[in-house]
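Trainee: Enclosed is the structure file target.txt (compact mmCIF, C-alpha atoms).
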```
# COMPACT_ATOMS: atom_id res chain seq x y z
CA MET A 109 1.44 -14.13 12.24
CA ALA A 110 1.98 -10.38 11.99
CA LEU A 111 -1.02 -8.10 11.48
CA HIS A 112 -1.24 -7.06 7.82
CA PHE A 113 -2.33 -3.63 6.58
CA LEU A 114 -3.61 -3.31 3.02
CA VAL A 115 -3.54 0.34 1.99
CA ASP A 116 -3.93 2.25 -1.26
CA ASP A 117 -3.96 5.82 0.06
CA VAL A 118 -0.61 5.87 1.88
CA PRO A 119 2.71 6.52 0.06
CA LEU A 120 4.77 3.38 0.57
CA ASP A 121 8.00 4.68 -0.93
CA ALA A 122 9.51 5.21 2.53
CA PRO A 123 13.02 3.76 2.88
CA VAL A 124 14.04 1.38 5.65
CA GLY A 125 14.10 3.31 8.93
CA ALA A 126 11.46 5.84 7.92
CA GLU A 127 7.99 5.96 9.44
CA ILE A 128 4.65 5.55 7.66
CA VAL A 129 1.34 6.77 9.03
CA ILE A 130 -1.79 4.69 8.52
CA THR A 131 -5.21 6.25 9.16
CA GLY A 132 -8.85 5.56 8.40
CA ALA A 133 -10.60 2.20 8.59
CA GLU A 134 -7.36 0.19 8.50
CA ALA A 135 -5.95 2.04 11.51
CA HIS A 136 -9.25 1.91 13.41
CA HIS A 137 -9.55 -1.84 12.90
CA ALA A 138 -5.95 -2.39 14.02
CA ALA A 139 -6.25 -0.20 17.12
CA ALA A 140 -9.82 -0.90 18.26
CA VAL A 141 -10.39 -4.49 17.10
CA ARG A 142 -6.99 -6.14 16.86
CA ARG A 143 -5.51 -4.11 19.73
CA VAL A 144 -2.16 -3.60 18.01
CA ARG A 145 0.55 -2.40 20.41
CA VAL A 146 3.75 -0.34 20.22
CA GLY A 147 6.67 -2.65 19.42
CA GLU A 148 4.51 -5.14 17.52
CA GLU A 149 5.75 -6.30 14.11
CA VAL A 150 3.34 -5.69 11.22
CA THR A 151 3.34 -5.90 7.44
CA VAL A 152 1.98 -3.31 4.99
CA GLY A 153 1.12 -3.81 1.31
CA ASP A 154 -0.42 -1.85 -1.53
CA GLY A 155 -2.03 -4.83 -3.25
CA ARG A 156 0.21 -4.34 -6.29
CA GLY A 157 3.32 -6.20 -5.21
CA LEU A 158 4.93 -3.84 -2.71
CA TRP A 159 5.49 -5.40 0.72
CA LEU A 160 6.85 -3.67 3.81
CA GLU A 161 7.83 -5.11 7.16
CA ALA A 162 7.57 -2.63 10.00
CA VAL A 163 7.41 -2.15 13.77
CA VAL A 164 4.62 -0.10 15.38
CA THR A 165 5.92 3.04 17.09
CA ASP A 166 2.65 4.79 18.00
CA VAL A 167 -1.03 3.85 18.24
CA ALA A 168 -4.12 6.08 18.46
CA PRO A 169 -7.80 5.17 17.90
CA LYS A 170 -7.63 6.13 14.20
CA ARG A 171 -3.90 6.37 13.58
CA VAL A 172 -1.08 3.85 13.54
CA VAL A 173 2.56 4.79 12.96
CA ALA A 174 5.14 2.17 12.02
CA ALA A 175 8.86 2.24 11.23
CA VAL A 176 9.89 0.33 8.11
CA THR A 177 12.40 -2.47 8.74
CA ALA A 178 12.39 -4.13 5.30
CA ARG A 179 10.82 -3.67 1.87
CA THR A 180 10.25 -6.16 -0.93
CA SER A 181 8.69 -5.94 -4.39
CA HIS A 182 6.91 -9.13 -5.45
CA PRO A 183 6.52 -9.65 -9.23
CA ALA A 184 3.13 -10.49 -10.66
CA ALA A 185 2.44 -14.19 -11.13
CA ALA A 186 3.16 -15.83 -14.48
CA PRO A 187 1.10 -17.48 -15.71
CA ARG A 188 -1.83 -15.62 -14.25
CA LEU A 189 -4.70 -17.72 -12.92
CA VAL A 190 -8.09 -16.39 -13.98
CA LEU A 191 -11.42 -17.60 -12.60
CA VAL A 192 -14.52 -17.03 -14.72
CA GLN A 193 -17.29 -17.50 -12.18
CA ALA A 194 -20.86 -17.82 -13.37
CA LEU A 195 -23.36 -15.76 -11.42
CA ALA A 196 -25.15 -17.97 -8.91
CA LYS A 197 -28.07 -17.60 -6.52
CA GLY A 198 -27.61 -16.76 -2.87
CA ASP A 199 -24.01 -16.25 -1.86
CA ARG A 200 -22.52 -19.22 -3.70
CA ASP A 201 -20.60 -17.13 -6.22
CA GLU A 202 -19.32 -14.92 -3.39
CA LEU A 203 -18.11 -17.97 -1.46
CA ALA A 204 -16.31 -19.11 -4.59
CA ILE A 205 -14.43 -15.87 -5.17
CA GLN A 206 -13.51 -15.52 -1.50
CA ALA A 207 -11.91 -18.97 -1.43
CA ALA A 208 -10.35 -18.45 -4.86
CA THR A 209 -8.62 -15.31 -3.61
CA GLU A 210 -7.15 -17.19 -0.67
CA LEU A 211 -5.94 -19.85 -3.12
CA GLY A 212 -4.04 -17.44 -5.36
CA VAL A 213 -6.34 -16.40 -8.22
CA ASP A 214 -5.12 -13.31 -10.10
CA GLU A 215 -8.30 -12.18 -11.85
CA ILE A 216 -12.00 -12.89 -11.37
CA VAL A 217 -14.51 -12.47 -14.19
CA PRO A 218 -18.28 -12.56 -13.48
CA TRP A 219 -20.09 -14.55 -16.17
CA GLN A 220 -23.75 -14.11 -17.06
CA ALA A 221 -24.28 -17.72 -18.11
CA ALA A 222 -27.43 -18.95 -19.81
CA ARG A 223 -28.48 -20.92 -16.73
CA SER A 224 -27.52 -18.29 -14.14
CA VAL A 225 -30.47 -17.72 -11.83
CA SER A 226 -28.98 -14.41 -10.73
CA ARG A 227 -29.21 -11.73 -13.43
CA TRP A 228 -27.22 -8.49 -13.45
CA ASP A 229 -28.61 -5.56 -15.42
CA GLN A 230 -26.37 -2.52 -15.97
CA ALA A 231 -27.14 -0.92 -12.60
CA LYS A 232 -26.89 -4.17 -10.71
CA ALA A 233 -23.64 -5.06 -12.49
CA ALA A 234 -21.87 -1.99 -11.10
CA LYS A 235 -23.02 -2.83 -7.57
CA GLY A 236 -22.16 -6.49 -8.06
CA VAL A 237 -18.61 -5.79 -9.22
CA ALA A 238 -18.10 -3.38 -6.31
CA ARG A 239 -19.37 -6.04 -3.90
CA TRP A 240 -17.02 -8.66 -5.36
CA GLN A 241 -14.11 -6.22 -5.17
CA THR A 242 -14.76 -5.73 -1.46
CA ILE A 243 -14.90 -9.48 -0.85
CA VAL A 244 -11.70 -10.04 -2.82
CA ARG A 245 -9.85 -7.24 -1.05
CA GLU A 246 -10.75 -8.54 2.40
CA ALA A 247 -9.84 -12.12 1.45
CA ALA A 248 -6.48 -10.97 0.02
CA LYS A 249 -5.76 -9.06 3.21
CA GLN A 250 -6.63 -12.03 5.39
CA ALA A 251 -4.43 -14.28 3.25
CA HIS A 252 -1.50 -11.80 3.39
CA ARG A 253 -1.29 -11.59 -0.39
CA ALA A 254 1.08 -9.12 -2.03
CA TRP A 255 -1.24 -8.81 -5.05
CA VAL A 256 -5.00 -8.22 -4.80
CA PRO A 257 -6.87 -9.96 -7.65
CA VAL A 258 -8.61 -7.86 -10.28
CA VAL A 259 -12.40 -8.12 -10.57
CA SER A 260 -13.31 -7.49 -14.20
CA ALA A 261 -16.60 -6.41 -15.74
CA PRO A 262 -19.22 -9.11 -16.31
CA VAL A 263 -19.04 -10.97 -19.62
CA SER A 264 -21.51 -12.74 -21.87
CA THR A 265 -20.75 -16.13 -23.40
CA ALA A 266 -19.71 -14.48 -26.67
CA GLN A 267 -17.32 -12.18 -24.82
CA LEU A 268 -15.98 -15.11 -22.86
CA ALA A 269 -15.28 -17.07 -26.05
CA ALA A 270 -13.10 -14.19 -27.23
CA ARG A 271 -10.74 -14.93 -24.32
CA ALA A 272 -10.16 -18.51 -25.43
CA ALA A 273 -6.92 -17.41 -27.09
CA SER A 274 -5.53 -17.86 -23.60
CA ARG A 275 -5.44 -21.36 -22.17
CA MET A 276 -9.09 -21.78 -21.27
CA LEU A 277 -10.17 -24.80 -19.22
CA VAL A 278 -13.92 -25.32 -18.89
CA LEU A 279 -14.79 -27.31 -15.77
CA GLU A 280 -17.38 -29.81 -16.93
CA PRO A 281 -18.31 -33.07 -15.09
CA THR A 282 -18.93 -34.93 -18.37
CA ALA A 283 -15.48 -34.13 -19.83
CA SER A 284 -13.34 -37.14 -20.72
CA VAL A 285 -10.07 -35.60 -19.51
CA PRO A 286 -9.38 -34.91 -15.82
CA LEU A 287 -7.92 -31.53 -14.92
CA SER A 288 -4.82 -33.28 -13.60
CA GLY A 289 -4.30 -34.80 -17.06
CA VAL A 290 -4.50 -31.61 -19.16
CA ALA A 291 -1.14 -30.84 -20.76
CA LEU A 292 0.43 -27.66 -19.40
CA ALA A 293 3.64 -26.47 -21.03
CA PRO A 294 5.87 -25.17 -18.21
CA ASP A 295 7.22 -22.30 -20.33
CA ASP A 296 3.79 -21.07 -21.50
CA ALA A 297 3.18 -17.71 -19.81
CA ARG A 298 -0.33 -17.24 -21.21
CA ASP A 299 -3.16 -16.84 -18.70
CA LEU A 300 -4.77 -20.02 -17.41
CA VAL A 301 -8.51 -19.34 -17.49
CA LEU A 302 -10.84 -21.58 -15.47
CA VAL A 303 -14.53 -21.43 -16.38
CA VAL A 304 -17.11 -22.46 -13.78
CA GLY A 305 -20.79 -22.76 -14.61
CA PRO A 306 -23.85 -21.92 -12.47
CA GLU A 307 -25.96 -24.32 -10.38
CA GLY A 308 -27.63 -25.86 -13.42
CA GLY A 309 -24.35 -26.40 -15.22
CA ILE A 310 -23.05 -24.95 -18.46
CA ALA A 311 -25.61 -25.13 -21.29
CA PRO A 312 -24.76 -27.41 -24.24
CA GLU A 313 -24.67 -24.50 -26.69
CA GLU A 314 -22.22 -22.68 -24.41
CA LEU A 315 -19.95 -25.72 -24.24
CA VAL A 316 -19.95 -25.86 -28.03
CA ALA A 317 -19.23 -22.14 -28.39
CA LEU A 318 -16.30 -22.27 -25.99
CA ALA A 319 -14.91 -25.46 -27.54
CA ASP A 320 -15.14 -23.94 -31.02
CA ALA A 321 -13.20 -20.93 -29.70
CA GLY A 322 -10.40 -23.20 -28.51
CA ALA A 323 -11.29 -24.02 -24.91
CA THR A 324 -10.60 -27.44 -23.38
CA ALA A 325 -13.16 -29.21 -21.20
CA ALA A 326 -11.84 -30.87 -18.04
CA ARG A 327 -13.46 -32.63 -15.12
CA LEU A 328 -12.74 -32.61 -11.41
CA GLY A 329 -12.87 -36.17 -10.10
CA THR A 330 -15.91 -38.39 -10.47
CA THR A 331 -18.37 -36.27 -8.50
CA VAL A 332 -20.27 -33.10 -9.34
CA LEU A 333 -19.04 -30.13 -7.32
CA ARG A 334 -21.08 -27.09 -6.38
CA THR A 335 -20.43 -23.85 -8.25
CA SER A 336 -19.00 -22.49 -4.99
CA THR A 337 -16.50 -25.36 -4.76
CA ALA A 338 -15.36 -26.13 -8.31
CA GLY A 339 -13.19 -23.04 -8.88
CA PRO A 340 -11.25 -23.26 -5.61
CA ALA A 341 -10.75 -27.01 -6.10
CA ALA A 342 -9.37 -26.44 -9.61
CA LEU A 343 -7.07 -23.70 -8.37
CA ALA A 344 -5.63 -26.09 -5.81
CA VAL A 345 -4.88 -28.60 -8.57
CA LEU A 346 -3.20 -25.97 -10.74
CA ASN A 347 -1.17 -24.59 -7.84
CA ALA A 348 0.27 -28.07 -7.28
CA ARG A 349 0.91 -28.68 -10.97
CA LEU A 350 2.64 -25.31 -11.38
CA GLY A 351 4.88 -26.00 -8.40
CA ARG A 352 3.47 -23.17 -6.32
CA TRP A 353 2.46 -25.47 -3.49
```
Could I get this structure in the form of structure tokens?
Mentor:
Amino acid sequence: MALHFLVDDVPLDAPVGAEIVITGAEAHHAAAVRRVRVGEEVTVGDGRGLWLEAVVTDVAPKRVVAAVTARTSHPAAAPRLVLVQALAKGDRDELAIQAATELGVDEIVPWQAARSVSRWDQAKAAKGVARWQTIVREAAKQAHRAWVPVVSAPVSTAQLAARAASRMLVLEPTASVPLSGVALAPDDARDLVLVVGPEGGIAPEELVALADAGATAARLGTTVLRTSTAGPAALAVLNARLGRW
């Protein structure tokens, strides 16, 4: 598969036949690590739907030049798939968002759940969101995605309940309805919001608050999945049900 560049500091309005110049970390990685060569086909995206196909015409240690051979604009997904990931200890939440990005999530929302062992104060929240944005960007690049998912600010349970006007599906092992059995109207363009709890599960009062706000509880199979696994597994189910896979 062609090497993919994800850039946000290079004008990508060049027409077919024109050359674009890529510098900085992207160019250094391509030249020094991936050993890109003149004549090699590559792709370039801005993470917001624009997709260029190009052929490398010149390579330097921190500079790659490529001639555009084709350009495409990919529309944003509808419905959007949103993962609300509860903060978890260790790197389990980071593993979840990395896999979710590869599986097509459009937005990721950190959730400070009642049973989250990890706690983000204001200063730590800014660093945490920046860390998640880096993970998501790298995963989107690796997956050759035209759109890089948005990482939103952390939310409390009350703030999360306010989003239940969208189609919110709370992943809960004790739910009576399997995710594969939840009714999904094919013409409903509202966001599909998946809510994943922390290691200790979603607290009973949180389940009640989200249900009262209009959320639907759904289970994944007959086993209890880790917080790092539940979101990606649910995304795979929804991708199949929406006809994307």
Trainee: For the atom pair atom CA of A:Thr331 and atom CA of A:Ala291, what is the interatomic distance in Å to one decimal place?
Mentor: 21.8 Å
Trainee: So how many Å separate atom CA of A:Ile243 and atom CA of A:Glu280, to one decimal?
Mentor: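 Atom-to-atom, atom CA of A:Ile243 and atom CA of A:Glu280 are spaced 26.0 Å apart.
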Trainee: So which one's closest to A:Val290, A:Met276, A:Thr209, A:Ile216, A:Arg245? Using all atoms listed in the file, please.
Mentor: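 Answer, going by the shortest atom-to-atom distance: A:Met276.
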Trainee: For a cutoff of 8 Å around the file-coordinate point (6.1, -1.6, 17.3), which residues qualify once you count only C-alpha atoms? I'd like the result as number ranges by chain.
Mentor: A: 145-150, 162-166, 174-175
Trainee: Using all atoms listed in the file, tabulate the residues of stretch 161-247 of chain A lying at most 10 Å from any atom of stretch 264-270 of chain A, each with its closest atom pair and that distance in Å to one decimal, by chain and increasing residue number, as CSV.
Mentor:
```
residue,atom,partner,partner_atom,distance
A:Val192,CA,A:Leu268,CA,8.5
A:Ala194,CA,A:Ser264,CA,9.9
A:Val217,CA,A:Leu268,CA,9.2
A:Pro218,CA,A:Ser264,CA,9.0
A:Trp219,CA,A:Ser264,CA,6.1
A:Gln220,CA,A:Ser264,CA,5.5
A:Ala221,CA,A:Thr265,CA,6.6
A:Ala222,CA,A:Thr265,CA,8.1
```
Trainee: Distance atom CA of A:Leu287-atom CA of A:Ala341, one decimal place?
Mentor: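 Taking atom CA of A:Leu287 and atom CA of A:Ala341, their separation equals 10.3 Å.
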Trainee: Quick one: contact table of stretch 235-256 of chain A to stretch 210-213 of chain A, 12 Å max, nearest atom pair and distance in Å to one decimal per residue, counting all atoms listed in the file, chain and number order, as CSV?
Mentor:
```
residue,atom,partner,partner_atom,distance
A:Ile243,CA,A:Glu210,CA,10.9
A:Val244,CA,A:Glu210,CA,8.7
A:Arg245,CA,A:Glu210,CA,10.3
A:Glu246,CA,A:Glu210,CA,9.9
A:Ala247,CA,A:Glu210,CA,6.1
A:Ala248,CA,A:Glu210,CA,6.3
A:Lys249,CA,A:Glu210,CA,9.1
A:Gln250,CA,A:Glu210,CA,8.0
A:Ala251,CA,A:Glu210,CA,5.6
A:His252,CA,A:Glu210,CA,8.8
A:Arg253,CA,A:Glu210,CA,8.1
A:Ala254,CA,A:Gly212,CA,10.3
A:Trp255,CA,A:Gly212,CA,9.1
A:Val256,CA,A:Val213,CA,9.0
```
Trainee: Which one is closest to A:Leu277: A:Gln241, A:Ser260, A:Thr335, A:Thr324? Count all atoms listed in the file.
Mentor: A:Thr324
Trainee: With distances taken over only C-alpha atoms, which residue among A:Thr180, A:Thr151, A:Ser274, A:Thr131 lies nearest A:Val167?
Mentor: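 Ranked by minimum distance to A:Val167, first place goes to A:Thr131.
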Trainee: Which residue out of A:Ala272, A:Glu134, A:Leu191, A:Gly236 has the minimum interatomic distance to A:Ala207 when all atoms listed in the file are used?
Mentor: A:Leu191
Trainee: Please rebuild stretch 191-212 of chain A with N, CA and C atoms and return the result as a short mmCIF file (atom, residue, chain, number, x, y, z; two decimals), in the coordinates of the input.
Mentor:
```
data_model
loop_
_atom_site.label_atom_id
_atom_site.label_comp_id
_atom_site.auth_asym_id
_atom_site.auth_seq_id
_atom_site.Cartn_x
_atom_site.Cartn_y
_atom_site.Cartn_z
N LEU A 191 -10.19 -16.85 -12.87
CA LEU A 191 -11.42 -17.60 -12.60
C LEU A 191 -12.60 -16.87 -13.22
N VAL A 192 -13.25 -17.53 -14.16
CA VAL A 192 -14.52 -17.03 -14.72
C VAL A 192 -15.62 -17.71 -13.93
N GLN A 193 -16.28 -16.95 -13.07
CA GLN A 193 -17.29 -17.50 -12.18
C GLN A 193 -18.68 -17.11 -12.63
N ALA A 194 -19.49 -18.10 -12.98
CA ALA A 194 -20.86 -17.82 -13.37
C ALA A 194 -21.64 -17.26 -12.19
N LEU A 195 -22.51 -16.31 -12.46
CA LEU A 195 -23.36 -15.76 -11.42
C LEU A 195 -24.25 -16.87 -10.87
N ALA A 196 -24.39 -16.91 -9.55
CA ALA A 196 -25.15 -17.97 -8.91
C ALA A 196 -26.10 -17.35 -7.88
N LYS A 197 -27.10 -18.11 -7.49
CA LYS A 197 -28.07 -17.60 -6.52
C LYS A 197 -27.47 -17.62 -5.12
N GLY A 198 -28.10 -16.83 -4.24
CA GLY A 198 -27.61 -16.76 -2.87
C GLY A 198 -26.21 -16.17 -2.84
N ASP A 199 -25.39 -16.75 -1.99
CA ASP A 199 -24.01 -16.25 -1.86
C ASP A 199 -23.00 -17.25 -2.40
N ARG A 200 -23.44 -18.17 -3.25
CA ARG A 200 -22.52 -19.22 -3.70
C ARG A 200 -21.39 -18.67 -4.56
N ASP A 201 -21.69 -17.71 -5.42
CA ASP A 201 -20.60 -17.13 -6.22
C ASP A 201 -19.65 -16.33 -5.33
N GLU A 202 -20.18 -15.68 -4.30
CA GLU A 202 -19.32 -14.92 -3.39
C GLU A 202 -18.42 -15.84 -2.58
N LEU A 203 -18.95 -16.99 -2.15
CA LEU A 203 -18.11 -17.97 -1.46
C LEU A 203 -16.99 -18.45 -2.36
N ALA A 204 -17.31 -18.62 -3.64
CA ALA A 204 -16.31 -19.11 -4.59
C ALA A 204 -15.17 -18.11 -4.75
N ILE A 205 -15.50 -16.84 -4.92
CA ILE A 205 -14.43 -15.87 -5.17
C ILE A 205 -13.62 -15.59 -3.91
N GLN A 206 -14.26 -15.70 -2.76
CA GLN A 206 -13.51 -15.52 -1.50
C GLN A 206 -12.45 -16.61 -1.36
N ALA A 207 -12.86 -17.87 -1.54
CA ALA A 207 -11.91 -18.97 -1.43
C ALA A 207 -10.87 -18.91 -2.54
N ALA A 208 -11.29 -18.54 -3.74
CA ALA A 208 -10.35 -18.45 -4.86
C ALA A 208 -9.26 -17.42 -4.59
N THR A 209 -9.62 -16.32 -3.95
CA THR A 209 -8.62 -15.31 -3.61
C THR A 209 -7.60 -15.86 -2.63
N GLU A 210 -8.07 -16.58 -1.64
CA GLU A 210 -7.15 -17.19 -0.67
C GLU A 210 -6.23 -18.20 -1.35
N LEU A 211 -6.70 -18.80 -2.44
CA LEU A 211 -5.94 -19.85 -3.12
C LEU A 211 -5.10 -19.32 -4.28
N GLY A 212 -5.02 -18.00 -4.43
CA GLY A 212 -4.04 -17.44 -5.36
C GLY A 212 -4.53 -17.00 -6.71
#
```
